[in-house]
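Asker: The following file, run_6.cif, comprises mmCIF, C-alpha atoms:
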data_work
loop_
_atom_site.label_atom_id
_atom_site.label_comp_id
_atom_site.auth_asym_id
_atom_site.auth_seq_id
_atom_site.Cartn_x
_atom_site.Cartn_y
_atom_site.Cartn_z
CA MET A 1 3.63 -25.61 27.43
CA LYS A 2 7.11 -24.33 26.99
CA VAL A 3 7.38 -20.74 26.02
CA ARG A 4 10.47 -18.71 25.55
CA LEU A 5 11.62 -15.32 24.44
CA THR A 6 14.50 -14.85 22.11
CA LEU A 7 15.71 -11.45 21.12
CA GLY A 8 17.88 -11.14 18.08
CA LEU A 9 19.48 -7.99 16.82
CA GLY A 10 20.40 -7.43 13.22
CA LEU A 11 19.05 -6.49 9.87
CA ILE A 12 16.06 -8.37 8.63
CA ALA A 13 16.82 -10.00 5.35
CA GLY A 14 15.00 -7.51 3.21
CA ALA A 15 11.58 -7.89 4.74
CA ILE A 16 10.24 -4.57 5.87
CA PRO A 17 6.56 -5.22 6.42
CA VAL A 18 4.04 -3.15 4.58
CA LEU A 19 2.26 -0.61 6.70
CA ALA A 20 0.04 0.95 4.14
CA HIS A 21 -1.43 3.59 6.35
CA HIS A 22 1.75 4.93 7.84
CA SER A 23 5.51 4.79 7.68
CA PHE A 24 7.05 1.62 9.12
CA SER A 25 10.02 3.43 10.63
CA ALA A 26 7.73 5.85 12.43
CA GLU A 27 7.00 3.03 14.85
CA PHE A 28 9.38 0.09 14.42
CA ASP A 29 13.12 -0.45 14.29
CA ALA A 30 13.97 -2.70 11.36
CA THR A 31 17.35 -3.52 12.90
CA LYS A 32 15.80 -5.16 15.97
CA THR A 33 14.08 -8.46 15.37
CA VAL A 34 12.33 -10.67 17.84
CA SER A 35 11.06 -14.24 17.98
CA LEU A 36 8.25 -14.79 20.46
CA LYS A 37 6.83 -18.17 21.43
CA GLY A 38 3.78 -18.01 23.59
CA THR A 39 0.07 -18.33 24.08
CA VAL A 40 -2.53 -16.20 22.36
CA THR A 41 -4.67 -14.25 24.80
CA LYS A 42 -6.64 -12.07 22.37
CA VAL A 43 -6.91 -11.25 18.69
CA GLU A 44 -8.25 -7.93 17.47
CA TRP A 45 -9.34 -8.53 13.89
CA MET A 46 -9.82 -4.88 13.04
CA ASN A 47 -8.63 -2.17 10.70
CA PRO A 48 -6.22 -0.71 10.07
CA HIS A 49 -4.18 -3.72 11.27
CA ILE A 50 -4.89 -6.83 13.25
CA TRP A 51 -3.29 -7.12 16.69
CA VAL A 52 -2.36 -10.36 18.37
CA TYR A 53 -1.81 -10.40 22.15
CA MET A 54 0.19 -13.20 23.69
CA ASP A 55 1.72 -14.27 26.99
CA VAL A 56 5.39 -15.11 26.70
CA ASN A 57 7.69 -16.46 29.37
CA ASP A 58 11.12 -14.94 29.12
CA ASP A 59 14.31 -16.85 29.87
CA SER A 60 13.91 -16.18 33.60
CA GLY A 61 10.44 -17.67 33.56
CA THR A 62 8.66 -14.38 34.00
CA MET A 63 5.47 -14.06 32.02
CA VAL A 64 5.40 -11.01 29.77
CA ARG A 65 2.38 -9.73 27.88
CA TRP A 66 3.27 -8.88 24.27
CA GLN A 67 1.25 -7.29 21.48
CA CYS A 68 2.08 -7.69 17.81
CA GLU A 69 0.68 -5.92 14.80
CA GLY A 70 -0.20 -7.82 11.63
CA GLY A 71 -1.51 -6.81 8.25
CA PRO A 72 -4.85 -5.22 7.44
CA PRO A 73 -7.81 -7.61 7.72
CA ASN A 74 -8.69 -7.01 4.08
CA SER A 75 -5.42 -8.20 2.62
CA LEU A 76 -5.15 -11.01 5.15
CA THR A 77 -8.63 -12.16 4.16
CA ARG A 78 -7.64 -12.15 0.50
CA ASN A 79 -4.62 -14.22 1.44
CA GLY A 80 -6.75 -16.85 3.12
CA TRP A 81 -6.71 -15.76 6.76
CA THR A 82 -9.94 -15.79 8.69
CA LYS A 83 -10.91 -14.40 12.08
CA ALA A 84 -10.69 -17.97 13.36
CA ALA A 85 -7.12 -18.53 12.18
CA LEU A 86 -5.85 -17.59 15.63
CA LYS A 87 -7.80 -17.98 18.83
CA GLN A 88 -7.28 -17.62 22.54
CA GLY A 89 -5.12 -20.40 23.91
CA ASP A 90 -3.30 -21.19 20.68
CA SER A 91 0.41 -21.79 21.00
CA ILE A 92 2.18 -19.79 18.32
CA THR A 93 5.50 -18.27 17.42
CA ILE A 94 5.72 -14.78 16.03
CA ASP A 95 8.82 -13.51 14.26
CA GLY A 96 8.82 -9.77 13.94
CA THR A 97 10.35 -6.39 14.52
CA LEU A 98 10.46 -4.47 17.77
CA SER A 99 8.84 -1.11 18.30
CA LYS A 100 11.09 1.85 18.91
CA ASP A 101 9.54 2.85 22.21
CA GLY A 102 10.86 -0.15 24.12
CA SER A 103 7.44 -1.50 24.95
CA HIS A 104 6.54 -5.15 24.44
CA THR A 105 5.23 -4.39 20.99
CA CYS A 106 6.24 -5.91 17.69
CA ASN A 107 5.36 -5.90 14.04
CA ALA A 108 4.73 -9.50 13.02
CA THR A 109 6.56 -10.70 9.96
CA ARG A 110 5.72 -14.37 10.29
CA VAL A 111 3.36 -16.39 12.43
CA SER A 112 3.76 -20.11 13.01
CA LEU A 113 0.33 -21.55 13.60
CA PRO A 114 -0.70 -24.40 15.89
CA ASP A 115 -1.00 -26.81 12.96
CA GLY A 116 2.55 -26.13 11.90
CA ARG A 117 1.86 -23.79 9.04
CA ARG A 118 3.99 -20.67 8.83
CA VAL A 119 2.46 -17.67 7.17
CA PHE A 120 3.45 -14.14 6.40
CA ALA A 121 1.56 -11.91 8.78
CA GLY A 122 1.77 -8.56 7.03
CA SER A 123 0.36 -7.20 3.85
CA SER A 124 1.68 -9.32 1.05
CA GLY A 125 1.96 -7.14 -2.01
CA GLY A 126 5.13 -5.18 -2.27
CA ASP A 127 7.19 -6.84 0.39
CA THR A 128 10.44 -7.70 -1.23
CA ASN A 129 12.89 -10.49 -0.71
CA LEU A 130 10.83 -12.42 1.75
CA PRO A 131 12.75 -15.41 2.95
CA PRO A 132 11.38 -18.68 1.58
CA ALA A 133 10.06 -19.64 4.99
CA ALA A 134 7.62 -16.78 4.76
CA ASN A 135 5.99 -18.46 1.84
CA GLN A 136 5.63 -21.85 3.38
CA MET B 137 11.28 22.95 -18.47
CA SER B 138 12.40 19.74 -19.98
CA THR B 139 10.09 16.84 -19.60
CA ARG B 140 11.68 13.53 -18.93
CA LEU B 141 9.81 10.35 -18.29
CA HIS B 142 11.60 7.38 -17.00
CA VAL B 143 9.96 4.62 -18.89
CA ALA B 144 11.89 1.50 -18.21
CA ILE B 145 8.88 -0.64 -18.86
CA LEU B 146 8.61 -3.56 -16.59
CA SER B 147 5.71 -5.86 -16.22
CA ALA B 148 3.84 -5.90 -12.97
CA ALA B 149 5.20 -9.34 -12.38
CA THR B 150 8.75 -8.09 -12.32
CA VAL B 151 7.96 -4.95 -10.38
CA LEU B 152 6.35 -6.98 -7.66
CA THR B 153 7.79 -9.71 -5.62
CA VAL B 154 4.67 -11.37 -4.47
CA ALA B 155 4.39 -13.47 -1.39
CA SER B 156 2.11 -16.41 -1.96
CA LEU B 157 0.82 -18.09 1.12
CA ALA B 158 0.09 -21.57 2.22
CA PHE B 159 -3.50 -20.89 3.07
CA SER B 160 -5.94 -22.07 0.50
CA GLN B 161 -8.24 -19.39 -0.76
CA GLU B 162 -11.68 -20.06 -2.05
CA PRO B 163 -12.73 -17.61 -4.75
CA ALA B 164 -15.22 -15.08 -3.52
CA ALA B 165 -18.55 -14.68 -5.16
CA GLY B 166 -17.53 -13.04 -8.37
CA GLN B 167 -17.72 -9.66 -9.76
CA GLY B 168 -17.01 -9.35 -13.39
CA LYS B 169 -19.77 -11.57 -14.64
CA GLY B 170 -19.19 -12.22 -18.26
CA GLN B 171 -15.82 -10.52 -18.18
CA GLY B 172 -13.82 -13.04 -20.10
CA LYS B 173 -12.26 -16.32 -19.13
CA ALA B 174 -12.13 -17.46 -15.55
CA GLN B 175 -9.07 -16.55 -13.59
CA GLY B 176 -6.53 -19.22 -12.93
CA LYS B 177 -4.35 -19.63 -9.93
CA GLY B 178 -0.93 -18.08 -10.03
CA LYS B 179 1.05 -14.97 -9.44
CA GLY B 180 0.70 -11.66 -11.13
CA GLY B 181 -2.57 -10.57 -9.65
CA GLY B 182 -1.02 -7.63 -7.89
CA ARG B 183 -0.93 -9.00 -4.36
CA GLY B 184 -0.47 -12.69 -4.79
CA GLY B 185 -3.81 -13.25 -6.41
CA PRO B 186 -4.96 -15.07 -9.47
CA VAL B 187 -3.79 -14.32 -12.96
CA ALA B 188 -5.79 -11.62 -14.68
CA PRO B 189 -8.61 -12.69 -16.99
CA THR B 190 -7.96 -12.56 -20.70
CA GLY B 191 -9.97 -11.00 -23.47
CA PRO B 192 -10.26 -7.88 -25.59
CA THR B 193 -10.53 -4.36 -24.24
CA PRO B 194 -14.13 -3.76 -23.16
CA ARG B 195 -15.65 -0.60 -24.58
CA MET B 196 -18.41 1.82 -23.73
CA PRO B 197 -21.33 2.43 -26.12
CA ASP B 198 -19.48 5.48 -27.48
CA GLY B 199 -16.48 3.32 -28.34
CA LYS B 200 -14.20 4.60 -25.59
CA PRO B 201 -12.42 1.96 -23.52
CA ASP B 202 -14.26 1.00 -20.37
CA LEU B 203 -11.73 1.39 -17.56
CA SER B 204 -14.09 0.02 -14.90
CA GLY B 205 -13.27 -2.83 -12.59
CA LEU B 206 -11.44 -3.71 -9.41
CA TRP B 207 -7.78 -3.07 -10.04
CA PHE B 208 -4.82 -4.24 -8.04
CA ARG B 209 -1.68 -2.19 -8.40
CA PRO B 210 1.98 -2.57 -7.53
CA TYR B 211 2.50 -1.15 -4.07
CA THR B 212 4.89 1.73 -4.61
CA PRO B 213 6.23 2.97 -1.28
CA ASN B 214 9.08 4.76 -2.98
CA MET B 215 8.63 6.52 -6.33
CA ALA B 216 12.37 6.83 -6.84
CA SER B 217 14.27 3.81 -8.12
CA GLY B 218 17.10 4.33 -5.70
CA PRO B 219 16.94 3.60 -1.98
CA ALA B 220 14.92 5.89 0.24
CA LYS B 221 14.19 6.19 3.89
CA ASP B 222 11.90 3.60 5.39
CA THR B 223 11.91 1.30 2.41
CA ARG B 224 14.22 -0.55 0.10
CA GLN B 225 11.58 -1.06 -2.51
CA GLY B 226 12.03 1.56 -5.19
CA ASP B 227 10.05 1.84 -8.40
CA PRO B 228 12.44 0.90 -11.22
CA THR B 229 10.56 3.17 -13.61
CA GLY B 230 11.24 6.26 -11.51
CA PRO B 231 14.33 8.45 -11.43
CA LYS B 232 17.11 7.17 -9.21
CA GLU B 233 16.69 10.23 -7.02
CA LEU B 234 13.86 12.70 -7.32
CA PRO B 235 15.15 15.94 -8.90
CA TYR B 236 14.55 18.22 -5.97
CA THR B 237 15.27 21.91 -5.85
CA ALA B 238 17.71 22.87 -3.11
CA ALA B 239 14.92 23.96 -0.80
CA TYR B 240 12.96 20.73 -1.14
CA LYS B 241 16.08 18.57 -1.05
CA ALA B 242 16.65 20.08 2.36
CA LYS B 243 13.06 19.24 3.35
CA TRP B 244 13.52 15.67 2.14
CA ASP B 245 16.84 15.25 3.92
CA ALA B 246 15.33 16.58 7.13
CA TYR B 247 12.26 14.34 7.04
CA LYS B 248 11.93 12.02 10.02
CA PRO B 249 8.78 9.90 10.03
CA ASP B 250 9.37 9.22 13.72
CA GLU B 251 8.36 12.81 14.37
CA GLY B 252 4.98 12.41 12.78
CA ASP B 253 3.70 10.80 9.60
CA TYR B 254 0.32 12.33 8.81
CA THR B 255 -1.03 9.05 7.47
CA GLY B 256 -0.50 7.44 10.86
CA ALA B 257 -3.20 9.78 12.10
CA CYS B 258 -5.44 8.64 9.22
CA LEU B 259 -5.38 12.01 7.53
CA PRO B 260 -6.03 11.87 3.79
CA PHE B 261 -3.13 10.34 1.88
CA GLY B 262 -3.63 12.67 -1.09
CA LEU B 263 -3.85 11.59 -4.71
CA MET B 264 -0.34 10.31 -5.39
CA ARG B 265 0.13 8.41 -2.15
CA SER B 266 -3.31 6.84 -2.63
CA MET B 267 -2.34 5.70 -6.10
CA ASN B 268 0.84 4.26 -4.58
CA SER B 269 -0.95 2.36 -1.82
CA PRO B 270 -1.19 -1.45 -1.85
CA ASP B 271 -4.95 -1.62 -1.58
CA PRO B 272 -7.13 -2.02 -4.67
CA ILE B 273 -9.18 0.66 -6.38
CA GLN B 274 -12.62 0.19 -7.90
CA PHE B 275 -12.95 2.24 -11.10
CA MET B 276 -16.51 3.05 -12.11
CA GLN B 277 -16.92 4.71 -15.50
CA HIS B 278 -20.27 6.22 -16.30
CA GLY B 279 -21.08 8.86 -18.84
CA ASP B 280 -19.07 11.97 -18.19
CA PHE B 281 -17.53 10.76 -14.95
CA MET B 282 -15.02 8.30 -13.63
CA ALA B 283 -15.32 7.41 -9.96
CA LEU B 284 -12.35 5.96 -8.14
CA LEU B 285 -13.27 4.11 -4.96
CA TYR B 286 -10.10 3.64 -2.96
CA GLU B 287 -10.21 0.73 -0.55
CA GLN B 288 -7.48 2.52 1.37
CA ASN B 289 -9.40 4.26 4.14
CA THR B 290 -12.60 4.08 2.06
CA TRP B 291 -11.86 7.28 0.18
CA PHE B 292 -13.20 8.24 -3.22
CA LYS B 293 -12.51 10.60 -6.07
CA LEU B 294 -14.91 11.71 -8.79
CA ILE B 295 -13.35 12.84 -12.06
CA PRO B 296 -15.28 14.50 -14.89
CA ILE B 297 -13.90 13.00 -18.10
CA ASP B 298 -15.72 15.11 -20.67
CA GLY B 299 -12.92 17.56 -21.27
CA ARG B 300 -14.22 20.35 -19.07
CA PRO B 301 -11.68 22.78 -17.55
CA HIS B 302 -10.76 22.89 -13.89
CA ALA B 303 -13.25 24.53 -11.58
CA LYS B 304 -12.27 27.98 -10.38
CA ASN B 305 -11.98 29.42 -6.91
CA LEU B 306 -11.85 26.09 -5.12
CA ASP B 307 -10.05 25.81 -1.83
CA PRO B 308 -6.96 23.62 -2.09
CA THR B 309 -7.54 20.05 -0.97
CA TRP B 310 -5.68 16.85 -0.08
CA PHE B 311 -6.68 15.10 -3.31
CA GLY B 312 -6.76 18.20 -5.52
CA ASP B 313 -9.11 18.97 -8.39
CA SER B 314 -9.13 16.48 -11.26
CA VAL B 315 -10.43 16.77 -14.81
CA GLY B 316 -10.06 14.27 -17.63
CA HIS B 317 -10.23 14.06 -21.37
CA TRP B 318 -9.65 11.38 -23.99
CA GLU B 319 -6.71 11.26 -26.36
CA GLY B 320 -7.70 8.36 -28.56
CA ASP B 321 -7.99 5.34 -26.27
CA THR B 322 -6.06 7.04 -23.47
CA LEU B 323 -7.81 8.80 -20.62
CA VAL B 324 -5.71 11.76 -19.50
CA VAL B 325 -6.44 13.12 -16.03
CA HIS B 326 -4.90 16.36 -14.82
CA THR B 327 -5.02 17.27 -11.14
CA ASN B 328 -4.01 20.50 -9.43
CA ASN B 329 -5.13 22.65 -6.49
CA PHE B 330 -3.41 20.55 -3.83
CA ASN B 331 -3.04 21.81 -0.30
CA GLY B 332 0.61 20.76 -0.10
CA LYS B 333 0.14 18.84 3.16
CA THR B 334 0.70 15.37 1.74
CA ARG B 335 3.72 13.36 0.70
CA LEU B 336 4.05 11.51 -2.56
CA ASP B 337 4.74 8.07 -1.13
CA THR B 338 5.28 6.08 2.05
CA ALA B 339 8.96 6.94 1.97
CA GLY B 340 7.85 10.51 2.56
CA HIS B 341 8.99 12.37 -0.55
CA PRO B 342 7.69 15.92 -0.15
CA HIS B 343 6.01 18.15 -2.73
CA SER B 344 4.64 21.67 -2.74
CA ASP B 345 1.22 23.21 -3.25
CA ALA B 346 2.26 23.89 -6.85
CA LEU B 347 2.04 20.17 -7.59
CA GLU B 348 0.29 19.15 -10.78
CA ILE B 349 -0.20 15.48 -11.62
CA THR B 350 -0.97 14.12 -15.06
CA GLU B 351 -2.11 10.51 -15.23
CA ARG B 352 -2.63 8.49 -18.38
CA PHE B 353 -4.80 5.38 -18.30
CA THR B 354 -5.15 2.86 -21.10
CA ARG B 355 -6.59 -0.66 -21.13
CA PRO B 356 -4.72 -2.71 -23.71
CA ASP B 357 -6.76 -5.82 -22.92
CA LEU B 358 -9.40 -7.03 -20.51
CA GLY B 359 -7.12 -7.86 -17.62
CA HIS B 360 -4.58 -5.05 -17.65
CA LYS B 361 -4.45 -1.30 -17.34
CA SER B 362 -1.42 0.77 -18.17
CA TYR B 363 -0.77 3.68 -15.84
CA GLU B 364 1.64 6.49 -16.50
CA VAL B 365 2.02 9.42 -14.13
CA MET B 366 3.97 12.66 -14.58
CA ILE B 367 4.84 14.97 -11.72
CA HIS B 368 5.13 18.70 -12.36
CA ASP B 369 6.01 20.84 -9.37
CA PRO B 370 8.33 23.74 -10.18
CA LYS B 371 8.69 24.70 -6.52
CA ALA B 372 9.88 21.27 -5.49
CA PHE B 373 11.51 19.80 -8.60
CA THR B 374 13.95 21.06 -11.21
CA GLU B 375 12.28 19.00 -13.92
CA ASP B 376 9.23 16.88 -14.51
CA TRP B 377 9.49 13.18 -13.82
CA GLY B 378 7.25 10.16 -13.68
CA ASN B 379 6.55 6.48 -13.18
CA LYS B 380 4.85 3.82 -15.22
CA ARG B 381 3.01 0.75 -13.95
CA THR B 382 0.59 -1.99 -14.91
CA PHE B 383 -2.62 -2.56 -13.00
CA THR B 384 -4.23 -5.99 -12.89
CA LEU B 385 -7.96 -6.73 -12.95
CA ARG B 386 -9.30 -8.96 -10.19
CA THR B 387 -12.69 -10.58 -10.49
CA ASP B 388 -12.36 -13.11 -7.69
CA THR B 389 -12.72 -10.62 -4.86
CA GLN B 390 -14.47 -7.37 -4.13
CA ILE B 391 -13.67 -4.03 -2.58
CA MET B 392 -13.88 -4.08 1.19
CA GLU B 393 -14.49 -1.52 3.91
CA TYR B 394 -11.33 -0.12 5.47
CA SER B 395 -11.44 2.07 8.54
CA CYS B 396 -8.10 3.59 9.42
CA GLU B 397 -9.49 4.94 12.68
CA GLU B 398 -11.15 1.82 14.06
CA ASN B 399 -8.21 0.43 15.99
CA ASN B 400 -5.36 2.82 15.29
CA LYS B 401 -3.83 1.96 18.65
CA SER B 402 -0.30 2.84 17.60
CA LEU B 403 -1.37 6.47 17.55
CA TRP B 404 -3.43 6.22 20.72
CA GLU B 405 -0.60 4.56 22.61
CA GLY B 406 1.94 7.11 21.45
CA ARG B 407 4.20 4.98 19.30
CA ILE B 408 3.15 7.09 16.33
CA LYS B 409 3.45 10.81 16.93
CA VAL B 410 0.68 13.25 16.16
CA PRO B 411 1.81 14.88 12.92
CA LYS B 412 2.61 18.52 12.46
CA TYR B 413 1.56 18.40 8.87
CA ASP B 414 1.13 22.14 8.54
CA GLU B 415 4.88 22.44 8.90
CA GLN B 416 5.72 20.04 6.12
#
When written as C-alpha cells, how does the structure in this file appear?
Answerer:
Amino acid sequence: MKVRLTLGLGLIAGAIPVLAHHSFSAEFDATKTVSLKGTVTKVEWMNPHIWVYMDVNDDSGTMVRWQCEGGPPNSLTRNGWTKAALKQGDSITIDGTLSKDGSHTCNATRVSLPDGRRVFAGSSGGDTNLPPAANQ
Amino acid sequence: MSTRLHVAILSAATVLTVASLAFSQEPAAGQGKGQGKAQGKGKGGGRGGPVAPTGPTPRMPDGKPDLSGLWFRPYTPNMASGPAKDTRQGDPTGPKELPYTAAYKAKWDAYKPDEGDYTGACLPFGLMRSMNSPDPIQFMQHGDFMALLYEQNTWFKLIPIDGRPHAKNLDPTWFGDSVGHWEGDTLVVHTNNFNGKTRLDTAGHPHSDALEITERFTRPDLGHKSYEVMIHDPKAFTEDWGNKRTFTLRTDTQIMEYSCEENNKSLWEGRIKVPKYDEQ
C-alpha cells in the first residue's frame, strides 16, 4: 500500500475545528495544514475527543507514527459515526492541522474512509465555511 | 449605566453554518413522545440534525410555558460579532467588540491561550461558556425548579424559579448562584456570585467577579426556544451588552455522557499547558 506524507503550509479556508473543551489555538497552529495518507493502527473512541493513530511513510520511505484528534464521540455519533467506522489496518487519508509543539500530532479536519467517503472529523455545529468536500 | 442590547435577530439557521455529513443516521429511540409532529430530515437542528418538531407551546398545569426538552444551541465561541483570537466565528447579535474597561481591555489583549486555557484542564467552564458550548442541554422543569443538564462535561445547574431572592453568604463559584422568576411567558434567570476564574467564551473574553448574567427564556412554539442574555460587569465593561439566539428542540437523540478527563491526552502530553487560572 502506498503511503505518503504531504505537508502544506497556509491558511485553512475558514475551517477551524471545534474544540469545545478548550481553545483550538492553545494546541494547534491553524496556519500549518497537513495531509496524511497511511494505515490505521489504533482508534481511541473516548471523550473528550477521539484519537486516530496511523503509520505514515514520509517521502523518504521512513515510517512515522502519527496521532490525530477528532471530534467528541457524542457529536460524531449524532453525525453517523460509529466505533467501527475506522479500524486497525484501514487505509485512510487525514487532512488536518499540525500541533504547535512539533510532534507528529494533528487535529483532523477531514477523514477519507476506505470506502471512498470523505467526512468531517470534528464537531460539526459551528464550524464555518467548510469547503464542500467536507460535506461529501 | 446605559443598557444596550444588540438584537440583530437572526434565525438559528443563519447563525449556524451546519456541516451535514454523508453518513446516514438512523433516528435514535425517541424522547419527546407525543411532542408534536415527527421530525423531518434537514438542516436547522442546531448541529446538522433534523428540523425541529412543530406544534404549540407546551404548558405546565399552572399555565406557564414548559421549557423542558433536549435543546441544541448555536455554538458561540466568540460573543463579539467582530473577529477574536482563536476563532473567526463571531455572534452577529453581539457587539462588534466587547466594551471593556481599560484594565480588562489590557487583560483581553494580553490573553494567550497557549499559556493555559483552564477548560483544557477540564475545570468548570462557568455559566456563560457552558451556554456557549456546542453540546446540547437537557432542560427539566418541575415545580419551583428548573434543572439544566449540560452534556458538556456532564455538569448541571439547578435554578429555583419561584421568585425567591439569592441565597446569602455563599462562597463564589464557577457557575454562580442563579434564581428565576416569570415575567408573563418569559422565564428570567439572574446569576451572580461568580468566582471570576472563568472566561465568557472559547475565544477567551475575560470577566470579573462582579459579573451578573441575566438570561431570558421563552418558548414561542414547540420546537424553538428564544434565548436572550445580558452581561453586567461594571469592573470589566463600560456598559451592559448581550446576545440573542434561538435554541432548537431535538427529539431524535438523547443526552449522552461526556467525560472531559477520560482521555485528555493533550494535557497529559503537554501540548496544553496547565492553566494558571487564579491569575486571570
Asker: Work out how far atom CA of Lys409 of chain B is from atom CA of Glu251 of chain B, in Å to one decimal.
Answerer: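 Going from atom CA of Glu251 of chain B over to atom CA of Lys409 of chain B, I get 5.9 Å.
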Asker: Using all atoms listed in the file, find the one residue out of A:Cys106, A:Leu36, A:Ala26, A:Met46 that sits nearest to Thr82 of chain A.
Answerer: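 Closest candidate: A:Met46.
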Asker: Find the smallest box with edges along x, y and z containing every listed atom of segment 77-80 of chain A, then add 6 Å on each side and report centre and edge lengths in Å to one decimal, as lines of an AutoDock Vina configuration file.
Answerer:
center_x = -6.6
center_y = -14.5
center_z = 2.3
size_x = 16.0
size_y = 16.7
size_z = 15.7
Asker: To one decimal place in Å, what is the distance between atom CA of Ser75 of chain A and atom CA of Leu203 of chain B?
Answerer: 23.2 Å
Asker: Pick out the residues sitting within 6 Å of segment 320-324 of chain B, and hand them over as a ChimeraX atom specification; count all atoms listed in the file, and ignore anything fewer than 5 positions along from it in its own chain.
Answerer: /B:351-354
Asker: Please measure the separation of atom CA of Val365 of chain B and atom CA of Leu294 of chain B, giving the value in Å to one decimal.
Answerer: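 Atom CA of Leu294 of chain B lies 17.9 Å from atom CA of Val365 of chain B.
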Asker: For each of A:Gln88, A:Thr97, A:Thr41, A:Ser25, take the minimum atom-to-atom distance to chain B, counting all atoms listed in the file, then give the residue where this is smallest.
Answerer: A:Ser25
Asker: Choose the residue, out of B:Asp307, B:Asp253, B:Glu364, B:Glu375, that has the smallest atom-to-atom separation from chain A; count only C-alpha atoms.
Answerer: B:Asp253
Asker: Evaluate the PyMOL selection byres ((chain A and resi 42) around 10) on the structure here and hand back the selected residues as a PyMOL selection string.
Answerer: chain A and resi 39-41+43-45+51-55+67+86-90
Asker: Write out as an mmCIF file with C-alpha atoms, in the coordinates of the input the residues lying within 10 Å of Ser217 of chain B, counting all atoms listed in the file and excluding same-chain residues fewer than 2 positions away.
Answerer:
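Once written, out.cif looks like this:
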data_model
loop_
_atom_site.group_PDB
_atom_site.id
_atom_site.type_symbol
_atom_site.label_atom_id
_atom_site.label_comp_id
_atom_site.auth_asym_id
_atom_site.auth_seq_id
_atom_site.Cartn_x
_atom_site.Cartn_y
_atom_site.Cartn_z
ATOM 1 C CA HIS B 142 11.600 7.380 -17.000
ATOM 2 C CA ASN B 214 9.080 4.760 -2.980
ATOM 3 C CA MET B 215 8.630 6.520 -6.330
ATOM 4 C CA PRO B 219 16.940 3.600 -1.980
ATOM 5 C CA ALA B 220 14.920 5.890 0.240
ATOM 6 C CA ARG B 224 14.220 -0.550 0.100
ATOM 7 C CA GLN B 225 11.580 -1.060 -2.510
ATOM 8 C CA GLY B 226 12.030 1.560 -5.190
ATOM 9 C CA ASP B 227 10.050 1.840 -8.400
ATOM 10 C CA PRO B 228 12.440 0.900 -11.220
ATOM 11 C CA THR B 229 10.560 3.170 -13.610
ATOM 12 C CA GLY B 230 11.240 6.260 -11.510
ATOM 13 C CA PRO B 231 14.330 8.450 -11.430
ATOM 14 C CA LYS B 232 17.110 7.170 -9.210
ATOM 15 C CA GLU B 233 16.690 10.230 -7.020
ATOM 16 C CA LEU B 234 13.860 12.700 -7.320
ATOM 17 C CA ASN B 379 6.550 6.480 -13.180
#
Asker: Using all atoms listed in the file, can you tell me which of A:Thr33, A:Thr93, A:Asn107, A:Thr62 comes closest to chain B?
Answerer: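 Distance minimum relative to chain B lands on A:Asn107.
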Asker: Pick out the closest residue to Pro235 of chain B from this set: B:Glu319, B:Glu348, B:Asp376, B:Asp313. Count all atoms listed in the file.
Answerer: B:Asp376
Asker: Between B:Asp198, B:Asp280, B:Asp357, B:Glu287, which one has atoms that come closest to Thr384 of chain B, using all atoms listed in the file?
Answerer: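 Among the listed residues, B:Asp357 lies closest to Thr384 of chain B.
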Asker: Fewer than 4 positions away in the same chain doesn't count, so skip those; otherwise give me all residues within 7 Å of Pro72 of chain A, counting all atoms listed in the file, as a ChimeraX atom specification.
Answerer: /A:47-50,76,123
Asker: For segment 84-95 of chain A, where the input has fewer atoms than it should, I would like N, CA and C atoms rebuilt and written as an mmCIF file, in the coordinates of the input.
Answerer:
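Full text of out21.cif as output:
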data_model
loop_
_atom_site.group_PDB
_atom_site.id
_atom_site.type_symbol
_atom_site.label_atom_id
_atom_site.label_comp_id
_atom_site.auth_asym_id
_atom_site.auth_seq_id
_atom_site.Cartn_x
_atom_site.Cartn_y
_atom_site.Cartn_z
ATOM 1 N N ALA A 84 -10.893 -16.785 12.526
ATOM 2 C CA ALA A 84 -10.690 -17.970 13.360
ATOM 3 C C ALA A 84 -9.300 -18.571 13.213
ATOM 4 N N ALA A 85 -8.448 -17.950 12.404
ATOM 5 C CA ALA A 85 -7.120 -18.530 12.180
ATOM 6 C C ALA A 85 -6.325 -18.601 13.476
ATOM 7 N N LEU A 86 -6.485 -17.604 14.320
ATOM 8 C CA LEU A 86 -5.850 -17.590 15.630
ATOM 9 C C LEU A 86 -6.929 -17.413 16.678
ATOM 10 N N LYS A 87 -6.811 -18.143 17.771
ATOM 11 C CA LYS A 87 -7.800 -17.980 18.830
ATOM 12 C C LYS A 87 -7.123 -18.094 20.188
ATOM 13 N N GLN A 88 -7.814 -17.614 21.174
ATOM 14 C CA GLN A 88 -7.280 -17.620 22.540
ATOM 15 C C GLN A 88 -6.837 -19.036 22.927
ATOM 16 N N GLY A 89 -5.646 -19.115 23.467
ATOM 17 C CA GLY A 89 -5.120 -20.400 23.910
ATOM 18 C C GLY A 89 -4.199 -21.075 22.921
ATOM 19 N N ASP A 90 -4.192 -20.599 21.673
ATOM 20 C CA ASP A 90 -3.300 -21.190 20.680
ATOM 21 C C ASP A 90 -1.843 -20.948 21.059
ATOM 22 N N SER A 91 -1.033 -21.930 20.808
ATOM 23 C CA SER A 91 0.410 -21.790 21.000
ATOM 24 C C SER A 91 1.022 -21.428 19.653
ATOM 25 N N ILE A 92 1.648 -20.268 19.603
ATOM 26 C CA ILE A 92 2.180 -19.790 18.320
ATOM 27 C C ILE A 92 3.574 -19.211 18.528
ATOM 28 N N THR A 93 4.240 -19.016 17.419
ATOM 29 C CA THR A 93 5.500 -18.270 17.420
ATOM 30 C C THR A 93 5.365 -17.126 16.432
ATOM 31 N N ILE A 94 5.729 -15.958 16.889
ATOM 32 C CA ILE A 94 5.720 -14.780 16.030
ATOM 33 C C ILE A 94 7.151 -14.300 15.846
ATOM 34 N N ASP A 95 7.548 -14.162 14.588
ATOM 35 C CA ASP A 95 8.820 -13.510 14.260
ATOM 36 C C ASP A 95 8.484 -12.115 13.766
#
